[in-house]
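Enquirer: Take a look at input.pdb, PDB, C-alpha atoms:
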```pdb
ATOM      1  CA  MET A 126      -3.866 -20.802  37.890
ATOM      2  CA  ILE A 127      -3.722 -17.506  35.970
ATOM      3  CA  ASN A 128      -4.768 -17.459  32.309
ATOM      4  CA  GLY A 129      -1.807 -16.482  30.059
ATOM      5  CA  ARG A 130      -3.913 -14.043  28.038
ATOM      6  CA  LEU A 131      -5.016 -12.311  31.235
ATOM      7  CA  VAL A 132      -1.385 -11.873  32.284
ATOM      8  CA  ILE A 133      -0.532 -10.338  28.892
ATOM      9  CA  LEU A 134      -3.492  -7.962  29.050
ATOM     10  CA  PHE A 135      -2.543  -6.947  32.589
ATOM     11  CA  ALA A 136       1.069  -6.344  31.549
ATOM     12  CA  CYS A 137      -0.052  -4.208  28.657
ATOM     13  CA  ALA A 138      -2.346  -2.222  30.904
ATOM     14  CA  VAL A 139       0.566  -1.584  33.270
ATOM     15  CA  ILE A 140       2.846  -0.526  30.416
ATOM     16  CA  GLY A 141       0.121   1.781  29.155
ATOM     17  CA  ALA A 142       2.154   3.105  26.222
ATOM     18  CA  SER A 143      -0.362   4.420  23.720
ATOM     19  CA  GLY A 144      -3.221   2.333  24.955
ATOM     20  CA  TRP A 145      -3.011  -1.285  26.009
ATOM     21  CA  LEU A 146      -5.291  -2.532  23.250
ATOM     22  CA  ALA A 147      -3.111  -1.014  20.545
ATOM     23  CA  ALA A 148       0.053  -2.309  22.183
ATOM     24  CA  CYS A 149      -1.265  -5.844  22.520
ATOM     25  CA  SER A 150      -3.184  -6.282  19.306
ATOM     26  CA  LYS A 151      -1.515  -7.912  16.320
ATOM     27  CA  GLY A 152      -1.094  -6.174  12.996
ATOM     28  CA  LYS A 153      -0.938  -2.707  11.571
ATOM     29  CA  ASP A 154      -4.640  -2.142  12.166
ATOM     30  CA  ALA A 155      -4.063  -1.695  15.874
ATOM     31  CA  THR A 156      -1.089   0.648  15.654
ATOM     32  CA  ALA A 157      -2.143   2.986  12.843
ATOM     33  CA  PRO A 158      -3.458   6.313  14.104
ATOM     34  CA  GLN A 159      -7.095   7.210  13.702
ATOM     35  CA  THR A 160      -7.844   9.083  10.524
ATOM     36  CA  SER A 161      -7.819  12.847  10.508
ATOM     37  CA  LEU A 162      -9.163  12.939   6.959
ATOM     38  CA  PRO A 163     -12.716  14.007   6.148
ATOM     39  CA  ALA A 164     -14.895  11.078   5.040
ATOM     40  CA  ALA A 165     -15.161  12.333   1.445
ATOM     41  CA  THR A 166     -11.375  12.699   1.119
ATOM     42  CA  ARG A 167     -10.886   9.261   2.630
ATOM     43  CA  ALA A 168     -13.376   7.804   0.111
ATOM     44  CA  ASP A 169     -11.500   9.455  -2.777
ATOM     45  CA  ILE A 170      -8.181   8.074  -1.566
ATOM     46  CA  ASP A 171      -9.714   4.619  -1.089
ATOM     47  CA  LYS A 172     -10.442   4.670  -4.852
ATOM     48  CA  VAL A 173      -6.725   5.222  -5.398
ATOM     49  CA  PHE A 174      -5.888   2.165  -3.313
ATOM     50  CA  SER A 175      -8.505   0.051  -5.098
ATOM     51  CA  ALA A 176      -7.064   0.968  -8.495
ATOM     52  CA  TYR A 177      -3.509   0.270  -7.275
ATOM     53  CA  GLU A 178      -4.596  -3.153  -6.011
ATOM     54  CA  LEU A 179      -5.990  -4.014  -9.470
ATOM     55  CA  VAL A 180      -2.627  -3.167 -11.056
ATOM     56  CA  ARG A 181      -0.749  -5.167  -8.414
ATOM     57  CA  GLU A 182      -3.011  -8.195  -8.877
ATOM     58  CA  ALA A 183      -2.617  -8.103 -12.662
ATOM     59  CA  LEU A 184       1.178  -8.083 -12.427
ATOM     60  CA  ALA A 185       1.162 -10.847  -9.795
ATOM     61  CA  GLU A 186      -0.839 -12.890 -12.327
ATOM     62  CA  ASP A 187       1.727 -12.098 -15.077
ATOM     63  CA  ARG A 188      -0.701  -9.881 -17.010
ATOM     64  CA  ALA A 189       1.300  -7.097 -18.641
ATOM     65  CA  ASP A 190      -1.566  -5.000 -19.993
ATOM     66  CA  VAL A 191      -2.308  -2.696 -17.075
ATOM     67  CA  ARG A 192      -3.124   0.400 -19.131
ATOM     68  CA  LEU A 193      -6.762   0.698 -18.091
ATOM     69  CA  GLN A 194      -6.075   0.074 -14.391
ATOM     70  CA  SER A 195      -3.092   2.463 -14.446
ATOM     71  CA  THR A 196      -5.146   5.188 -16.122
ATOM     72  CA  THR A 197      -7.866   4.709 -13.509
ATOM     73  CA  LEU A 198      -5.219   4.951 -10.789
ATOM     74  CA  ALA A 199      -3.719   8.119 -12.300
ATOM     75  CA  ASP A 200      -7.138   9.760 -12.582
ATOM     76  CA  ALA A 201      -8.140   8.764  -9.036
ATOM     77  CA  ALA A 202      -4.876  10.091  -7.577
ATOM     78  CA  ARG A 203      -5.209  13.374  -9.464
ATOM     79  CA  ALA A 204      -8.854  13.811  -8.397
ATOM     80  CA  SER A 205      -8.168  12.983  -4.751
ATOM     81  CA  SER A 206      -5.249  15.429  -4.592
ATOM     82  CA  LYS A 207      -7.580  18.369  -5.194
ATOM     83  CA  ALA A 208      -9.427  18.004  -1.876
ATOM     84  CA  ALA A 209      -6.602  16.363   0.071
ATOM     85  CA  PRO A 210      -4.730  18.080   2.886
ATOM     86  CA  GLN A 211      -1.568  19.894   1.834
ATOM     87  CA  SER A 212       0.647  17.074   3.149
ATOM     88  CA  LEU A 213      -0.939  14.634   0.667
ATOM     89  CA  ARG A 214      -1.197  16.802  -2.438
ATOM     90  CA  GLU A 215       2.364  16.403  -3.700
ATOM     91  CA  PRO A 216       2.601  12.626  -3.034
ATOM     92  CA  LEU A 217      -0.767  12.098  -4.751
ATOM     93  CA  GLU A 218       0.348  14.167  -7.759
ATOM     94  CA  GLU A 219       3.550  12.115  -7.955
ATOM     95  CA  LEU A 220       1.473   8.952  -7.779
ATOM     96  CA  SER A 221      -0.743  10.213 -10.583
ATOM     97  CA  SER A 222       2.292  10.982 -12.735
ATOM     98  CA  ALA A 223       3.903   7.574 -12.107
ATOM     99  CA  ALA A 224       0.625   5.790 -12.877
ATOM    100  CA  ARG A 225       0.222   7.804 -16.078
ATOM    101  CA  GLN A 226       3.735   6.738 -17.154
ATOM    102  CA  LEU A 227       2.862   3.124 -16.367
ATOM    103  CA  ALA A 228      -0.249   3.422 -18.539
ATOM    104  CA  GLU A 229       1.937   4.478 -21.470
ATOM    105  CA  ILE A 230       4.118   1.335 -21.410
ATOM    106  CA  GLU A 231       3.747  -1.074 -24.324
ATOM    107  CA  SER A 232       1.012  -3.529 -23.365
ATOM    108  CA  GLY A 233       3.050  -6.725 -23.879
ATOM    109  CA  ASP A 234       6.177  -5.669 -21.990
ATOM    110  CA  LEU A 235       5.816  -7.329 -18.582
ATOM    111  CA  ASN A 236       9.326  -6.338 -17.416
ATOM    112  CA  ALA A 237       8.722  -2.672 -18.252
ATOM    113  CA  ALA A 238       5.300  -2.787 -16.592
ATOM    114  CA  ARG A 239       6.844  -4.208 -13.426
ATOM    115  CA  SER A 240       9.556  -1.556 -13.463
ATOM    116  CA  GLY A 241       6.949   1.184 -13.901
ATOM    117  CA  PHE A 242       4.904  -0.369 -11.108
ATOM    118  CA  GLY A 243       7.930   0.073  -8.844
ATOM    119  CA  GLN A 244       7.724   3.841  -9.349
ATOM    120  CA  VAL A 245       3.981   3.737  -8.682
ATOM    121  CA  SER A 246       4.628   1.795  -5.473
ATOM    122  CA  ARG A 247       7.307   4.261  -4.359
ATOM    123  CA  ALA A 248       4.809   7.113  -4.778
ATOM    124  CA  LEU A 249       2.011   5.198  -3.025
ATOM    125  CA  ILE A 250       4.267   4.466  -0.061
ATOM    126  CA  ALA A 251       5.020   8.220   0.115
ATOM    127  CA  VAL A 252       1.263   8.814   0.374
ATOM    128  CA  LEU A 253       1.027   6.254   3.186
ATOM    129  CA  SER A 254       3.988   7.840   4.970
ATOM    130  CA  ALA A 255       2.440  11.315   4.707
ATOM    131  CA  GLU A 256      -0.841  10.121   6.300
ATOM    132  CA  PRO A 257      -0.207   7.161   8.647
ATOM    133  CA  SER A 258      -3.940   6.613   9.204
ATOM    134  CA  LEU A 259      -4.053   5.295   5.627
ATOM    135  CA  GLN A 260      -1.754   2.428   6.622
ATOM    136  CA  ARG A 261      -4.613   0.710   8.429
ATOM    137  CA  GLY A 262      -5.293  -2.684   6.817
ATOM    138  CA  ARG A 263      -2.375  -2.434   4.404
ATOM    139  CA  TYR A 264       0.916  -4.275   4.323
ATOM    140  CA  VAL A 265       4.211  -3.396   2.667
ATOM    141  CA  TYR A 266       6.361  -6.171   1.309
ATOM    142  CA  GLU A 267       9.792  -6.175  -0.271
ATOM    143  CA  CYS A 268      11.286  -8.629  -2.752
ATOM    144  CA  PRO A 269      15.076  -8.958  -2.659
ATOM    145  CA  MET A 270      14.996 -10.508  -6.142
ATOM    146  CA  ALA A 271      13.189  -7.603  -7.831
ATOM    147  CA  LYS A 272      15.015  -5.141 -10.040
ATOM    148  CA  GLY A 273      14.576  -1.445  -9.324
ATOM    149  CA  TYR A 274      12.226  -0.418  -6.522
ATOM    150  CA  LYS A 275      11.544  -3.564  -4.506
ATOM    151  CA  LYS A 276       8.541  -2.675  -2.311
ATOM    152  CA  TRP A 277       4.806  -2.890  -2.882
ATOM    153  CA  VAL A 278       1.591  -2.488  -0.872
ATOM    154  CA  GLN A 279      -1.236  -4.968  -0.553
ATOM    155  CA  VAL A 280      -4.287  -5.579   1.638
ATOM    156  CA  SER A 281      -3.623  -9.259   2.274
ATOM    157  CA  GLU A 282      -1.090 -10.683   4.697
ATOM    158  CA  ALA A 283      -0.349 -13.501   2.223
ATOM    159  CA  VAL A 284       2.506 -12.386  -0.037
ATOM    160  CA  SER A 285       1.489 -11.989  -3.683
ATOM    161  CA  ASN A 286       4.541 -10.596  -5.460
ATOM    162  CA  PRO A 287       3.800  -8.360  -8.472
ATOM    163  CA  TYR A 288       7.487  -8.147  -9.431
ATOM    164  CA  MET A 289       8.037 -11.885  -9.824
ATOM    165  CA  GLY A 290       4.516 -13.146 -10.558
ATOM    166  CA  SER A 291       4.070 -16.879 -11.040
ATOM    167  CA  GLU A 292       7.854 -17.363 -11.107
ATOM    168  CA  MET A 293       8.107 -16.544  -7.375
ATOM    169  CA  LEU A 294       4.674 -15.388  -6.228
ATOM    170  CA  GLU A 295       5.406 -15.841  -2.519
ATOM    171  CA  CYS A 296       8.820 -14.186  -2.553
ATOM    172  CA  GLY A 297       8.894 -11.230  -0.201
ATOM    173  CA  THR A 298       9.199 -10.132   3.379
ATOM    174  CA  GLU A 299       7.222  -7.582   5.309
ATOM    175  CA  ALA A 300       8.827  -4.143   5.191
ATOM    176  CA  GLU A 301       8.304  -0.688   6.680
ATOM    177  CA  PHE A 302       6.144   2.001   5.097
TER     178      PHE A 302
END
```
Any chance you could give the structure as structure tokens?
Expert:
Amino acid sequence: MINGRLVILFACAVIGASGWLAACSKGKDATAPQTSLPAATRADIDKVFSAYELVREALAEDRADVRLQSTTLADAARASSKAAPQSLREPLEELSSAARQLAEIESGDLNAARSGFGQVSRALIAVLSAEPSLQRGRYVYECPMAKGYKKWVQVSEAVSNPYMGSEMLECGTEAEF
């Protein structure tokens, strides 16, 4: 009797598309290209993603005051754009600008913060599209109930919706970068 996993691995080896391991492994980790970014640039951009995640988490928890996290995100995006490859400079500058605008929103206005976060997410997804190696370990979700831009990025497979928060935390489907 042939093991089912062995059959799948053999089939993938025969197909040989872009490497059987990548074709057979689950998740975006396996299909994202290897990074072409220098380690220092990658580290700078990872700070951008960390700051974005703090903003996303705050909004998912219905916390409207994201000024500090948004300012950190804007500063990290601006700093990383200076050493980034040409293809990432403009998207990182746009991300910095959107994050700066989010930081200027009145601290108690959760709806405005979520709307501003949509523009930040749009710019972050442009960064991910410009450098597919950055997609590794990240997921894009979309909420059909959200107003404005409906997508966001997170590092967890479990949906944690920043646009709906506690009202509909698990609302969202996986989307394309």
Enquirer: Ranking A:Cys296, A:Met289, A:Ala201, A:Val191 by minimum distance to Asp169 (chain A) and counting all atoms listed in the file, which one comes first?
Expert: A:Ala201
Enquirer: Evaluated on this file, the PyMOL selection byres ((chain A and resi 239) around 9) picks out some residues - which ones are they, written as number ranges by chain?
Expert: A: 184, 189, 227, 234-238, 240-243, 272, 287-289
Enquirer: From the list A:Ile250, A:Ala199, A:Ile170, A:Val265, which residue is nearest Arg225 (chain A) when using all atoms listed in the file?
Expert: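 Checking each candidate against Arg225 (chain A), we get A:Ala199 as the closest.
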Enquirer: Applying the PyMOL selection byres ((chain A and resi 182) around 12) to the file I just gave you, which residues come out? Please list them as an MDAnalysis selection string.
Expert: chainID A and resid 175:181 183:191 194 239 242 277:281 284:291 294
Enquirer: Can I get the selection written as a short mmCIF file (atom, residue, chain, number, x, y, z; two decimals), in the coordinates of the input, with C-alpha atoms?
Expert:
```cif
data_model
loop_
_atom_site.label_atom_id
_atom_site.label_comp_id
_atom_site.auth_asym_id
_atom_site.auth_seq_id
_atom_site.Cartn_x
_atom_site.Cartn_y
_atom_site.Cartn_z
CA SER A 175 -8.51 0.05 -5.10
CA ALA A 176 -7.06 0.97 -8.49
CA TYR A 177 -3.51 0.27 -7.28
CA GLU A 178 -4.60 -3.15 -6.01
CA LEU A 179 -5.99 -4.01 -9.47
CA VAL A 180 -2.63 -3.17 -11.06
CA ARG A 181 -0.75 -5.17 -8.41
CA ALA A 183 -2.62 -8.10 -12.66
CA LEU A 184 1.18 -8.08 -12.43
CA ALA A 185 1.16 -10.85 -9.80
CA GLU A 186 -0.84 -12.89 -12.33
CA ASP A 187 1.73 -12.10 -15.08
CA ARG A 188 -0.70 -9.88 -17.01
CA ALA A 189 1.30 -7.10 -18.64
CA ASP A 190 -1.57 -5.00 -19.99
CA VAL A 191 -2.31 -2.70 -17.08
CA GLN A 194 -6.08 0.07 -14.39
CA ARG A 239 6.84 -4.21 -13.43
CA PHE A 242 4.90 -0.37 -11.11
CA TRP A 277 4.81 -2.89 -2.88
CA VAL A 278 1.59 -2.49 -0.87
CA GLN A 279 -1.24 -4.97 -0.55
CA VAL A 280 -4.29 -5.58 1.64
CA SER A 281 -3.62 -9.26 2.27
CA VAL A 284 2.51 -12.39 -0.04
CA SER A 285 1.49 -11.99 -3.68
CA ASN A 286 4.54 -10.60 -5.46
CA PRO A 287 3.80 -8.36 -8.47
CA TYR A 288 7.49 -8.15 -9.43
CA MET A 289 8.04 -11.88 -9.82
CA GLY A 290 4.52 -13.15 -10.56
CA SER A 291 4.07 -16.88 -11.04
CA LEU A 294 4.67 -15.39 -6.23
#
```
Enquirer: Name the closest residue to Pro210 (chain A) among the candidates A:Leu193, A:Val245, A:Val173, A:Ala255; distances are taken between atoms, counting all atoms listed in the file.
Expert: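 Closest to Pro210 (chain A) of all the choices is A:Ala255.
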Enquirer: Between CA of Ser258 (chain A) and CA of Arg167 (chain A), what is the distance, to one decimal in Å?
Expert: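 Pair CA of Ser258 (chain A) / CA of Arg167 (chain A) returns 9.9 Å.
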Enquirer: Just the number, please: distance in Å from CA of Asp171 (chain A) to CA of Glu267 (chain A), one decimal.
Expert: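 Separation of CA of Asp171 (chain A) and CA of Glu267 (chain A): 22.3 Å.
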Enquirer: Please report the interatomic distance between CA of Glu219 (chain A) and CA of Gln244 (chain A) in Å with one decimal.
Expert: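 About the pair CA of Glu219 (chain A) and CA of Gln244 (chain A): they are 9.4 Å apart.
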Enquirer: With distances taken over only C-alpha atoms, which residue among A:Pro216, A:Gly233, A:Gly297, A:Pro257 lies nearest Leu162 (chain A)?
Expert: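 Among A:Pro216, A:Gly233, A:Gly297, A:Pro257, it is A:Pro257 that comes nearest to Leu162 (chain A).
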Enquirer: Measuring atom to atom with only C-alpha atoms, identify which of A:Ala283, A:Leu213, A:Ser195, A:Glu295 is nearest to Ser246 (chain A).
Expert: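 Of A:Ala283, A:Leu213, A:Ser195, A:Glu295, the one nearest Ser246 (chain A), counting only C-alpha atoms, is A:Ser195.
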Enquirer: Of the candidates A:Asp200, A:Glu256, A:Glu292, A:Glu231, which shows the shortest atom-to-atom distance to Met270 (chain A), using all atoms listed in the file?
Expert: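 Checking each candidate against Met270 (chain A), we get A:Glu292 as the closest.
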